[in-house]
file protein.txt (compact mmCIF, C-alpha atoms and all ligand atoms)
# COMPACT_ATOMS: atom_id res chain seq x y z
CA MET A 206 95.27 123.64 83.88
CA ILE A 207 91.66 123.78 84.90
CA LYS A 208 89.99 126.52 86.87
CA ILE A 209 87.62 126.12 89.80
CA GLY A 210 86.37 129.62 90.39
CA ASN A 211 89.64 131.50 90.11
CA VAL A 212 91.77 128.65 91.50
CA GLU A 213 94.09 127.10 88.92
CA ILE A 214 94.71 123.36 89.19
CA LYS A 215 96.98 121.14 87.09
CA LYS A 216 94.90 118.81 84.94
CA THR A 217 96.57 115.65 86.25
CA ALA A 218 95.14 113.91 89.33
CA CYS A 219 94.03 115.13 92.73
CA LEU A 220 93.67 113.47 96.12
CA ALA A 221 90.23 112.42 97.41
CA PRO A 222 89.16 113.39 100.90
CA MET A 223 89.61 110.40 103.20
CA ALA A 224 88.74 110.68 106.88
CA SER A 225 91.33 109.01 109.14
CA VAL A 226 93.66 108.44 106.18
CA ALA A 227 94.35 111.59 104.16
CA ASP A 228 95.50 113.77 107.06
CA ARG A 229 98.09 116.52 106.76
CA ALA A 230 101.07 114.16 106.64
CA TYR A 231 99.38 112.10 103.92
CA ARG A 232 98.42 115.15 101.90
CA LEU A 233 101.92 116.56 102.11
CA MET A 234 103.38 113.29 100.85
CA CYS A 235 100.93 113.22 97.94
CA LYS A 236 101.61 116.86 97.08
CA LYS A 237 105.33 116.21 97.11
CA TYR A 238 104.82 113.46 94.55
CA GLY A 239 102.73 115.52 92.15
CA CYS A 240 99.18 115.61 93.47
CA ALA A 241 97.41 118.55 91.81
CA TYR A 242 94.95 119.45 94.53
CA CYS A 243 93.81 117.99 97.83
CA VAL A 244 90.80 118.05 100.12
CA SER A 245 90.73 117.90 103.92
CA GLU A 246 89.12 115.12 105.88
CA MET A 247 85.42 115.84 106.30
CA VAL A 248 84.54 118.17 109.15
CA SER A 249 81.10 118.50 110.74
CA ALA A 250 79.54 121.90 110.07
CA LYS A 251 77.59 121.74 113.30
CA GLY A 252 80.64 120.55 115.24
CA ILE A 253 82.58 123.59 114.05
CA CYS A 254 79.78 125.90 115.10
CA TYR A 255 79.87 124.40 118.58
CA ASN A 256 83.60 125.05 118.72
CA ASN A 257 84.71 121.49 118.39
CA ASN A 258 88.31 121.45 119.56
CA LYS A 259 89.39 119.37 116.55
CA THR A 260 88.53 122.24 114.18
CA ALA A 261 92.00 123.76 114.06
CA GLU A 262 93.65 120.36 113.62
CA LEU A 263 91.31 119.46 110.75
CA CYS A 264 91.05 122.85 109.07
CA THR A 265 94.57 124.24 109.08
CA VAL A 266 95.82 124.66 105.53
CA THR A 267 99.59 124.86 105.07
CA ASP A 268 101.09 126.47 101.98
CA SER A 269 102.62 123.19 100.80
CA GLU A 270 99.15 121.64 100.60
CA ARG A 271 97.70 124.34 98.34
CA PRO A 272 95.55 124.40 96.35
CA MET A 273 93.45 122.75 99.02
CA ALA A 274 89.79 122.52 99.98
CA ILE A 275 88.27 122.17 103.41
CA GLN A 276 85.39 119.70 103.28
CA LEU A 277 82.27 120.22 105.40
CA PHE A 278 79.29 117.98 105.96
CA GLY A 279 75.94 118.87 107.42
CA ASN A 280 72.25 119.01 106.70
CA GLU A 281 71.27 122.45 107.99
CA PRO A 282 71.75 125.47 105.72
CA ASP A 283 72.24 127.89 108.63
CA PHE A 284 74.92 125.80 110.31
CA MET A 285 76.59 125.36 106.93
CA ALA A 286 76.69 129.12 106.38
CA GLU A 287 78.14 129.70 109.82
CA ALA A 288 80.67 126.85 109.43
CA VAL A 289 81.82 128.30 106.11
CA ARG A 290 82.30 131.67 107.77
CA ILE A 291 84.41 130.05 110.50
CA VAL A 292 86.60 127.93 108.21
CA LEU A 293 87.31 130.90 105.94
CA GLU A 294 89.66 132.03 108.71
CA TYR A 295 91.87 129.11 107.74
CA LYS A 296 92.07 130.51 104.20
CA PRO A 297 91.15 127.41 102.18
CA ASP A 298 91.40 127.82 98.40
CA ILE A 299 88.08 126.03 98.00
CA ILE A 300 85.23 124.87 100.24
CA ASP A 301 83.83 121.45 99.44
CA ILE A 302 80.57 120.02 100.74
CA ASN A 303 80.24 116.30 101.29
CA MET A 304 77.01 114.96 99.81
CA GLY A 305 78.33 111.47 99.18
CA CYS A 306 79.36 109.95 102.50
CA PRO A 307 77.55 106.61 102.93
CA VAL A 308 78.25 105.85 106.60
CA PRO A 309 75.14 105.50 108.79
CA LYS A 310 76.49 107.90 111.43
CA VAL A 311 76.43 110.69 108.83
CA VAL A 312 73.51 109.54 106.67
CA ASN A 313 71.20 109.11 109.68
CA THR A 314 71.58 112.81 110.46
CA GLY A 315 70.39 113.64 106.92
CA ALA A 316 73.88 114.66 105.74
CA GLY A 317 76.32 113.06 103.29
CA SER A 318 74.67 110.88 100.66
CA ALA A 319 71.26 111.25 102.36
CA LEU A 320 71.14 114.59 100.54
CA MET A 321 70.99 112.73 97.24
CA ARG A 322 67.42 111.85 98.28
CA ASN A 323 66.57 115.45 99.05
CA ILE A 324 67.75 117.66 96.21
CA PRO A 325 65.82 120.77 97.38
CA LEU A 326 67.62 120.65 100.75
CA ALA A 327 70.96 119.95 99.04
CA VAL A 328 70.39 123.06 96.93
CA GLU A 329 69.53 125.15 99.98
CA ILE A 330 72.71 124.01 101.73
CA ALA A 331 74.81 124.76 98.67
CA GLU A 332 73.22 128.18 98.21
CA SER A 333 73.84 129.13 101.79
CA ALA A 334 77.48 127.96 101.59
CA VAL A 335 78.04 129.87 98.34
CA LYS A 336 76.58 133.03 99.84
CA SER A 337 78.69 132.75 102.96
CA ALA A 338 81.90 131.88 101.05
CA GLY A 339 82.05 135.13 99.06
CA ASP A 340 84.94 134.89 96.59
CA VAL A 341 86.01 131.42 97.70
CA PRO A 342 84.63 128.78 95.32
CA VAL A 343 82.30 126.14 96.73
CA THR A 344 82.26 122.63 95.28
CA VAL A 345 80.18 119.57 96.14
CA LYS A 346 81.12 115.87 96.14
CA ILE A 347 78.31 113.45 95.34
CA ARG A 348 77.79 109.78 94.43
CA SER A 349 75.97 108.40 91.38
CA GLY A 350 72.75 108.16 93.39
CA TRP A 351 71.20 106.52 96.42
CA ASP A 352 70.75 103.06 94.88
CA SER A 353 70.58 101.46 91.44
CA ASP A 354 66.92 102.47 91.07
CA ASN A 355 67.71 106.08 91.90
CA ILE A 356 70.68 107.19 89.82
CA ASN A 357 70.25 110.95 89.91
CA ALA A 358 73.76 112.42 89.84
CA PRO A 359 73.17 114.37 86.58
CA GLU A 360 69.94 115.91 87.91
CA MET A 361 71.55 116.67 91.28
CA ALA A 362 74.62 118.20 89.62
CA LYS A 363 72.45 120.46 87.47
CA ALA A 364 70.47 121.62 90.49
CA LEU A 365 73.68 122.31 92.43
CA GLU A 366 75.13 124.19 89.48
CA SER A 367 72.10 126.50 89.60
CA ALA A 368 72.81 126.98 93.31
CA GLY A 369 76.10 128.58 92.31
CA ILE A 370 78.71 125.92 93.00
CA SER A 371 81.96 126.09 91.03
CA ALA A 372 82.67 122.38 90.40
CA ILE A 373 81.24 118.96 91.18
CA ALA A 374 83.07 115.79 92.14
CA VAL A 375 81.31 112.51 91.39
CA HIS A 376 82.15 109.13 92.88
CA GLY A 377 80.56 106.69 90.44
CA ARG A 378 78.98 104.44 93.06
CA THR A 379 75.60 104.55 94.72
CA ARG A 380 75.22 104.94 98.47
CA GLU A 381 73.95 101.36 98.67
CA GLN A 382 77.16 100.11 97.07
CA PHE A 383 79.32 101.73 99.76
CA TYR A 384 82.71 100.67 98.37
CA GLY A 385 81.58 97.41 96.71
CA GLY A 386 81.18 96.69 93.02
CA SER A 387 82.81 99.08 90.63
CA ALA A 388 82.48 102.79 89.89
CA ASP A 389 80.17 103.60 86.99
CA ARG A 390 81.91 105.87 84.54
CA ALA A 391 78.83 106.31 82.33
CA VAL A 392 77.11 108.26 85.13
CA ILE A 393 80.11 110.55 85.48
CA LYS A 394 80.02 111.13 81.72
CA ALA A 395 76.31 111.96 81.98
CA VAL A 396 77.10 114.50 84.70
CA LYS A 397 79.74 116.07 82.49
CA GLU A 398 77.17 116.38 79.71
CA ALA A 399 74.60 117.89 82.06
CA VAL A 400 76.60 120.78 83.51
CA ASN A 401 78.97 123.54 82.45
CA ILE A 402 81.08 123.65 85.61
CA PRO A 403 84.19 121.44 85.94
CA VAL A 404 83.52 117.79 86.78
CA ILE A 405 85.95 115.84 88.95
CA ALA A 406 85.71 112.09 88.31
CA ASN A 407 86.33 109.62 91.11
CA GLY A 408 86.28 105.90 91.74
CA ASP A 409 88.67 102.99 91.24
CA VAL A 410 91.58 104.90 89.69
CA ILE A 411 94.58 102.86 90.77
CA ASP A 412 97.31 103.74 88.27
CA ALA A 413 98.11 105.84 85.20
CA ASP A 414 96.17 103.52 82.87
CA SER A 415 92.95 103.76 84.86
CA CYS A 416 93.43 107.52 85.20
CA ILE A 417 93.71 107.91 81.44
CA ASP A 418 90.69 105.65 80.94
CA MET A 419 88.74 107.83 83.37
CA TYR A 420 89.60 110.96 81.37
CA ASN A 421 88.79 109.29 78.06
CA GLN A 422 85.57 107.60 79.13
CA THR A 423 84.03 110.50 81.04
CA ASN A 424 85.54 113.60 79.40
CA CYS A 425 85.97 114.87 82.96
CA ASP A 426 88.02 117.94 83.85
CA LEU A 427 90.03 116.33 86.64
CA VAL A 428 90.54 112.84 88.08
CA MET A 429 90.40 112.25 91.83
CA ILE A 430 92.25 109.34 93.46
CA GLY A 431 91.49 107.87 96.87
CA ARG A 432 92.52 104.35 97.83
CA GLY A 433 94.88 104.04 94.86
CA SER A 434 97.22 106.36 96.75
CA TYR A 435 97.48 104.12 99.84
CA GLY A 436 101.19 103.64 100.42
CA ASN A 437 101.63 105.01 96.93
CA PRO A 438 101.98 108.79 96.68
CA PHE A 439 103.97 108.02 93.50
CA ILE A 440 100.67 107.46 91.69
CA PHE A 441 100.47 111.21 91.16
CA ARG A 442 103.93 111.40 89.61
CA GLU A 443 103.08 108.40 87.47
CA THR A 444 99.81 109.84 86.17
CA GLU A 445 101.37 113.25 85.53
CA ALA A 446 104.20 111.67 83.54
CA ARG A 447 101.82 109.56 81.46
CA LEU A 448 99.46 112.42 80.76
CA ASN A 449 102.42 114.52 79.54
CA ASN A 450 103.96 111.65 77.56
CA MET A 451 107.03 111.80 79.75
CA PRO A 452 109.10 108.77 80.79
CA TYR A 453 108.30 107.35 84.21
CA ASN A 454 110.44 105.09 86.37
CA PRO A 455 108.46 103.31 89.06
CA PRO A 456 110.03 103.50 92.51
CA THR A 457 112.43 100.77 93.55
CA VAL A 458 111.76 99.01 96.83
CA GLU A 459 114.53 101.12 98.40
CA GLU A 460 112.79 104.30 97.33
CA LYS A 461 109.45 103.02 98.59
CA MET A 462 110.92 102.27 101.99
CA ARG A 463 112.73 105.60 102.11
CA VAL A 464 109.48 107.41 101.37
CA MET A 465 107.61 105.23 103.87
CA LEU A 466 110.08 106.34 106.56
CA GLU A 467 109.72 109.95 105.48
CA HIS A 468 105.94 109.60 105.80
CA ILE A 469 106.25 108.04 109.26
CA ARG A 470 108.61 110.83 110.40
CA LEU A 471 106.09 113.38 109.19
CA ILE A 472 103.24 111.68 111.05
CA ILE A 473 105.28 111.75 114.26
CA GLU A 474 106.44 115.33 113.71
CA LEU A 475 102.96 116.67 113.01
CA SER A 476 101.27 114.76 115.79
CA PRO A 477 100.66 116.46 119.12
CA LYS A 478 101.11 113.00 120.67
CA THR A 479 104.29 111.26 121.79
CA GLU A 480 106.19 109.12 119.26
CA GLU A 481 104.93 106.01 120.98
CA LEU A 482 101.31 107.04 120.41
CA ALA A 483 101.80 108.71 117.03
CA ILE A 484 103.35 105.54 115.63
CA HIS A 485 99.94 103.87 116.00
CA GLU A 486 98.68 106.27 113.33
CA ALA A 487 101.59 105.32 111.12
CA ARG A 488 101.11 101.53 111.26
CA LYS A 489 98.51 101.17 108.52
CA HIS A 490 100.45 103.50 106.23
CA ALA A 491 103.65 101.53 106.75
CA ALA A 492 101.80 98.32 105.90
CA TRP A 493 100.38 99.86 102.71
CA TYR A 494 103.85 100.80 101.46
CA MET A 495 104.76 97.10 101.65
CA ASN A 496 101.81 95.91 99.59
CA GLY A 497 102.45 93.73 96.59
CA TYR A 498 105.95 92.50 97.37
CA TYR A 499 107.38 89.10 98.22
CA GLY A 500 106.71 88.29 101.88
CA SER A 501 104.56 91.35 102.32
CA ALA A 502 101.78 89.63 104.33
CA LYS A 503 104.19 88.80 107.11
CA TYR A 504 105.84 92.22 107.06
CA ARG A 505 102.52 94.01 106.96
CA ALA A 506 101.60 92.17 110.14
CA LYS A 507 104.88 93.34 111.66
CA CYS A 508 103.98 96.94 110.74
CA TYR A 509 100.89 96.66 112.92
CA GLN A 510 103.15 96.00 115.91
CA LEU A 511 105.47 98.98 115.42
CA THR A 512 106.15 100.90 118.62
CA SER A 513 108.88 103.33 117.49
CA TYR A 514 110.44 104.98 114.48
CA ALA A 515 113.66 103.03 115.07
CA GLU A 516 111.71 99.79 114.68
CA ALA A 517 110.24 101.05 111.41
CA GLU A 518 113.75 101.79 110.14
CA PHE A 519 114.89 98.31 111.04
CA LEU A 520 111.84 96.74 109.39
CA ALA A 521 112.36 98.77 106.22
CA GLU A 522 115.97 97.64 105.99
CA GLU A 523 115.03 93.98 106.46
CA PHE A 524 112.25 94.32 103.90
CA VAL A 525 114.64 95.64 101.25
CA LYS A 526 117.07 92.81 101.93
CA LEU A 527 114.24 90.31 101.67
CA GLN A 528 113.35 91.56 98.20
CA TYR A 529 116.91 90.99 97.03
CA GLY A 530 117.08 87.54 98.63
CA ARG A 531 119.65 88.76 101.11
CA LEU A 532 117.81 87.99 104.29
CA HIS A 533 119.37 84.75 105.51
CA ASN A 534 118.73 84.76 109.20
CA ASN A 535 115.25 83.28 109.24
CA ALA A 536 113.87 86.74 109.99
CA MET A 537 110.92 85.77 107.77
C1 LIG A 601 88.97 105.58 104.49
C2 LIG A 601 88.10 106.46 103.62
C3 LIG A 601 87.67 107.68 104.11
C4 LIG A 601 86.88 108.51 103.32
N1 LIG A 601 86.50 109.72 103.79
C5 LIG A 601 85.82 110.58 102.99
C6 LIG A 601 85.54 111.91 103.40
O1 LIG A 601 85.89 112.34 104.51
N2 LIG A 601 84.84 112.71 102.54
C7 LIG A 601 84.43 112.27 101.29
O2 LIG A 601 83.82 113.03 100.54
N3 LIG A 601 84.72 111.02 100.87
C8 LIG A 601 85.41 110.19 101.68
N4 LIG A 601 85.75 108.95 101.21
C9 LIG A 601 85.41 108.57 99.83
C10 LIG A 601 86.59 108.91 98.89
O3 LIG A 601 86.80 110.30 98.83
C11 LIG A 601 86.33 108.37 97.46
O4 LIG A 601 85.16 108.96 96.99
C12 LIG A 601 86.19 106.86 97.40
O5 LIG A 601 87.19 106.21 98.16
C13 LIG A 601 86.25 106.34 95.94
O6 LIG A 601 87.48 106.67 95.35
P1 LIG A 601 88.66 105.58 95.17
O7 LIG A 601 88.06 104.39 94.45
O8 LIG A 601 89.71 106.28 94.36
O9 LIG A 601 89.11 105.20 96.55
C14 LIG A 601 86.51 108.10 102.00
C15 LIG A 601 86.96 106.87 101.52
C16 LIG A 601 87.75 106.05 102.31
C17 LIG A 601 88.22 104.74 101.74
call {"tool": "encode", "arguments": {"input": "protein.txt", "output": "structure tokens"}}
result
Amino acid sequence: MIKIGNVEIKKTACLAPMASVADRAYRLMCKKYGCAYCVSEMVSAKGICYNNNKTAELCTVTDSERPMAIQLFGNEPDFMAEAVRIVLEYKPDIIDINMGCPVPKVVNTGAGSALMRNIPLAVEIAESAVKSAGDVPVTVKIRSGWDSDNINAPEMAKALESAGISAIAVHGRTREQFYGGSADRAVIKAVKEAVNIPVIANGDVIDADSCIDMYNQTNCDLVMIGRGSYGNPFIFRETEARLNNMPYNPPTVEEKMRVMLEHIRLIIELSPKTEELAIHEARKHAAWYMNGYYGSAKYRAKCYQLTSYAEAEFLAEEFVKLQYGRLHNNAM
């Protein structure tokens, strides 16, 4: 176990915040398969203050998702303080501030990874969130730096620690890298050496081996997994088993398809939209569950045409047969 503030978290692997991907259905699937802790999709601090009608949808925390953080982004300390006050009504276990998002829409407002170029403002934002959050721990998620000439994650982490945050998550890429190249574990290790609060290490963990490497190479307190969980909530069960020296049986294709259907049902159930519209949200997830198998390119394309749950069921059945060489009707 590790502790962030007074929140206890299993020292296995947690789920990274991912806007438009790691929604409630996704988080619930990951939790079910062993995820230690999860973070909401990022929510605009200013948007919340102006009573953005997506607030409740983005900020609701269900008991099955706990421990869970709500993630806020913004570049104004006052709005951040007010947003924290508002989201506390949703009773998050932790409040996380996004200081790593690279997308121009966020960076151009001075939020996300733009704050890595303005440590004094980052500190002010963190201080005001910490003050407003009271007993609820505040964490910050950063990148290694703005670009390769400005790797300042250790310095930034130290400054944020002095601002009173309870843990820091580091994605080992610069803003300029976006998602290219590979995550730099040496920077995460340097952050760990620079601060006394827990360090959550993130970037390119795709299985139990890379999770263990991340722990060993950075000495981090917790590993955070993003894209490695696409269509693969089992990654959390796998990493937990490996870290505890327990046997692990990877899912069969039948199990994968069963879980894919469970995930699709959850997306439909939790969506305020009709099945026909909600299934659009499910298409990319369905395709991810089919990654890496024989014939998957063709079936992934079929996933992007799904219009109902019944079609997904049919596709899943065909896909299983295909893997066992039992699909004889030219359905390929
Ligand atoms: C589709 C997508 C959405 C993301 N949304 C967020 C977000 O809302 N907040 C955030 O801090 N990071 C966000 N990230 C970054 C991830 O949390 C993570 O730092 C990054 O994907 C690297 O980890 P990975 O290599 O395990 O995927 C997003 C990443 C992806 C791919």
call {"tool": "residues_near_ligand", "arguments": {"input": "protein.txt", "ligand": "ligand LIG 601 (chain A)", "cutoff": "9 Å", "atoms": "only C-alpha atoms and all ligand atoms", "output": "PyMOL selection string"}}
result
chain A and resi 220-227+244-248+276-278+301-307+317+345-348+374-378+383-384+387-388+407-411+429-434
call {"tool": "closest_residue", "arguments": {"input": "protein.txt", "among": "A:Tyr499, A:Pro309, A:Asn211, A:Thr217", "to": "Tyr420 in chain A", "atoms": "all atoms listed in the file"}}
result
A:Thr217
call {"tool": "closest_residue", "arguments": {"input": "protein.txt", "among": "A:Asn437, A:Asn424, A:Thr314, A:Ser269", "to": "Asp412 in chain A", "atoms": "all atoms listed in the file"}}
result
A:Asn437
call {"tool": "residues_around", "arguments": {"input": "protein.txt", "residues": "range 252-265 of chain A", "least_positions_apart": "6", "cutoff": "7 Å", "atoms": "only C-alpha atoms", "output": "count of residues only"}}
result
7
call {"tool": "atom_distance", "arguments": {"input": "protein.txt", "atom1": "CA of Tyr514 in chain A", "atom2": "CA of Met234 in chain A"}}
result
17.5 Å
call {"tool": "closest_residue", "arguments": {"input": "protein.txt", "among": "A:Glu481, A:Glu459, A:Glu213, A:Glu474", "to": "Glu523 in chain A", "atoms": "only C-alpha atoms"}}
result
A:Glu459
call {"tool": "build_atoms", "arguments": {"input": "protein.txt", "residues": "range 478-489 of chain A", "atoms": "all heavy atoms", "output": "PDB file, in the coordinates of the input"}}
result
ATOM      1  N   LYS A 478     100.900 114.104 119.729  1.00  0.00           N
ATOM      2  CA  LYS A 478     101.110 113.000 120.670  1.00  0.00           C
ATOM      3  C   LYS A 478     102.591 112.623 120.750  1.00  0.00           C
ATOM      4  O   LYS A 478     103.403 113.066 119.943  1.00  0.00           O
ATOM      5  CB  LYS A 478     100.320 111.770 120.215  1.00  0.00           C
ATOM      6  CG  LYS A 478      98.830 112.022 120.137  1.00  0.00           C
ATOM      7  CD  LYS A 478      98.138 110.799 119.566  1.00  0.00           C
ATOM      8  CE  LYS A 478      96.659 111.066 119.324  1.00  0.00           C
ATOM      9  NZ  LYS A 478      96.068 110.113 118.391  1.00  0.00           N
ATOM     10  N   THR A 479     102.926 111.763 121.688  1.00  0.00           N
ATOM     11  CA  THR A 479     104.290 111.260 121.790  1.00  0.00           C
ATOM     12  C   THR A 479     104.563 110.311 120.625  1.00  0.00           C
ATOM     13  O   THR A 479     103.626 109.800 120.004  1.00  0.00           O
ATOM     14  CB  THR A 479     104.474 110.442 123.084  1.00  0.00           C
ATOM     15  OG1 THR A 479     103.542 109.349 123.019  1.00  0.00           O
ATOM     16  CG2 THR A 479     104.228 111.274 124.323  1.00  0.00           C
ATOM     17  N   GLU A 480     105.837 110.047 120.349  1.00  0.00           N
ATOM     18  CA  GLU A 480     106.190 109.120 119.260  1.00  0.00           C
ATOM     19  C   GLU A 480     105.507 107.775 119.452  1.00  0.00           C
ATOM     20  O   GLU A 480     104.994 107.183 118.493  1.00  0.00           O
ATOM     21  CB  GLU A 480     107.714 108.950 119.214  1.00  0.00           C
ATOM     22  CG  GLU A 480     108.136 107.920 118.170  1.00  0.00           C
ATOM     23  CD  GLU A 480     109.651 107.755 118.048  1.00  0.00           C
ATOM     24  OE1 GLU A 480     110.387 108.701 118.369  1.00  0.00           O
ATOM     25  OE2 GLU A 480     110.078 106.661 117.631  1.00  0.00           O
ATOM     26  N   GLU A 481     105.496 107.322 120.685  1.00  0.00           N
ATOM     27  CA  GLU A 481     104.930 106.010 120.980  1.00  0.00           C
ATOM     28  C   GLU A 481     103.446 105.925 120.591  1.00  0.00           C
ATOM     29  O   GLU A 481     102.976 104.889 120.113  1.00  0.00           O
ATOM     30  CB  GLU A 481     105.093 105.756 122.482  1.00  0.00           C
ATOM     31  CG  GLU A 481     105.099 104.306 122.844  1.00  0.00           C
ATOM     32  CD  GLU A 481     105.230 104.134 124.366  1.00  0.00           C
ATOM     33  OE1 GLU A 481     105.627 105.098 125.054  1.00  0.00           O
ATOM     34  OE2 GLU A 481     104.907 103.037 124.820  1.00  0.00           O
ATOM     35  N   LEU A 482     102.731 107.036 120.782  1.00  0.00           N
ATOM     36  CA  LEU A 482     101.310 107.040 120.410  1.00  0.00           C
ATOM     37  C   LEU A 482     101.128 107.365 118.924  1.00  0.00           C
ATOM     38  O   LEU A 482     100.288 106.776 118.242  1.00  0.00           O
ATOM     39  CB  LEU A 482     100.532 108.033 121.271  1.00  0.00           C
ATOM     40  CG  LEU A 482     100.364 107.615 122.732  1.00  0.00           C
ATOM     41  CD1 LEU A 482      99.718 108.738 123.534  1.00  0.00           C
ATOM     42  CD2 LEU A 482      99.518 106.345 122.832  1.00  0.00           C
ATOM     43  N   ALA A 483     101.941 108.295 118.432  1.00  0.00           N
ATOM     44  CA  ALA A 483     101.800 108.710 117.030  1.00  0.00           C
ATOM     45  C   ALA A 483     102.099 107.536 116.083  1.00  0.00           C
ATOM     46  O   ALA A 483     101.508 107.447 115.003  1.00  0.00           O
ATOM     47  CB  ALA A 483     102.729 109.879 116.733  1.00  0.00           C
ATOM     48  N   ILE A 484     102.975 106.652 116.507  1.00  0.00           N
ATOM     49  CA  ILE A 484     103.350 105.540 115.630  1.00  0.00           C
ATOM     50  C   ILE A 484     102.132 104.634 115.357  1.00  0.00           C
ATOM     51  O   ILE A 484     102.054 103.987 114.315  1.00  0.00           O
ATOM     52  CB  ILE A 484     104.541 104.737 116.218  1.00  0.00           C
ATOM     53  CG1 ILE A 484     105.228 103.904 115.119  1.00  0.00           C
ATOM     54  CG2 ILE A 484     104.130 103.844 117.366  1.00  0.00           C
ATOM     55  CD1 ILE A 484     106.283 104.617 114.389  1.00  0.00           C
ATOM     56  N   HIS A 485     101.171 104.647 116.254  1.00  0.00           N
ATOM     57  CA  HIS A 485      99.940 103.870 116.000  1.00  0.00           C
ATOM     58  C   HIS A 485      99.262 104.337 114.717  1.00  0.00           C
ATOM     59  O   HIS A 485      98.744 103.541 113.946  1.00  0.00           O
ATOM     60  CB  HIS A 485      98.954 104.009 117.164  1.00  0.00           C
ATOM     61  CG  HIS A 485      99.382 103.262 118.388  1.00  0.00           C
ATOM     62  ND1 HIS A 485      98.719 102.156 118.835  1.00  0.00           N
ATOM     63  CD2 HIS A 485     100.411 103.453 119.233  1.00  0.00           C
ATOM     64  CE1 HIS A 485      99.323 101.698 119.929  1.00  0.00           C
ATOM     65  NE2 HIS A 485     100.357 102.475 120.185  1.00  0.00           N
ATOM     66  N   GLU A 486      99.271 105.671 114.541  1.00  0.00           N
ATOM     67  CA  GLU A 486      98.680 106.270 113.330  1.00  0.00           C
ATOM     68  C   GLU A 486      99.445 105.833 112.087  1.00  0.00           C
ATOM     69  O   GLU A 486      98.895 105.779 110.987  1.00  0.00           O
ATOM     70  CB  GLU A 486      98.758 107.801 113.398  1.00  0.00           C
ATOM     71  CG  GLU A 486      97.973 108.436 114.510  1.00  0.00           C
ATOM     72  CD  GLU A 486      96.492 108.227 114.309  1.00  0.00           C
ATOM     73  OE1 GLU A 486      96.038 108.441 113.180  1.00  0.00           O
ATOM     74  OE2 GLU A 486      95.820 107.824 115.281  1.00  0.00           O
ATOM     75  N   ALA A 487     100.729 105.590 112.275  1.00  0.00           N
ATOM     76  CA  ALA A 487     101.590 105.320 111.120  1.00  0.00           C
ATOM     77  C   ALA A 487     101.524 103.855 110.676  1.00  0.00           C
ATOM     78  O   ALA A 487     101.917 103.536 109.549  1.00  0.00           O
ATOM     79  CB  ALA A 487     103.031 105.679 111.463  1.00  0.00           C
ATOM     80  N   ARG A 488     101.021 102.973 111.544  1.00  0.00           N
ATOM     81  CA  ARG A 488     101.110 101.530 111.260  1.00  0.00           C
ATOM     82  C   ARG A 488     100.455 101.125 109.944  1.00  0.00           C
ATOM     83  O   ARG A 488     101.036 100.409 109.140  1.00  0.00           O
ATOM     84  CB  ARG A 488     100.485 100.745 112.412  1.00  0.00           C
ATOM     85  CG  ARG A 488     101.314 100.769 113.673  1.00  0.00           C
ATOM     86  CD  ARG A 488     100.539 100.161 114.808  1.00  0.00           C
ATOM     87  NE  ARG A 488     101.363 100.031 116.008  1.00  0.00           N
ATOM     88  CZ  ARG A 488     100.886  99.675 117.188  1.00  0.00           C
ATOM     89  NH1 ARG A 488      99.593  99.417 117.334  1.00  0.00           N
ATOM     90  NH2 ARG A 488     101.687  99.576 118.224  1.00  0.00           N
ATOM     91  N   LYS A 489      99.212 101.603 109.740  1.00  0.00           N
ATOM     92  CA  LYS A 489      98.510 101.170 108.520  1.00  0.00           C
ATOM     93  C   LYS A 489      99.220 101.704 107.267  1.00  0.00           C
ATOM     94  O   LYS A 489      99.319 101.004 106.257  1.00  0.00           O
ATOM     95  CB  LYS A 489      97.038 101.567 108.538  1.00  0.00           C
ATOM     96  CG  LYS A 489      96.751 103.056 108.617  1.00  0.00           C
ATOM     97  CD  LYS A 489      95.241 103.307 108.522  1.00  0.00           C
ATOM     98  CE  LYS A 489      94.891 104.774 108.545  1.00  0.00           C
ATOM     99  NZ  LYS A 489      94.628 105.307 109.880  1.00  0.00           N
TER     100      LYS A 489
END
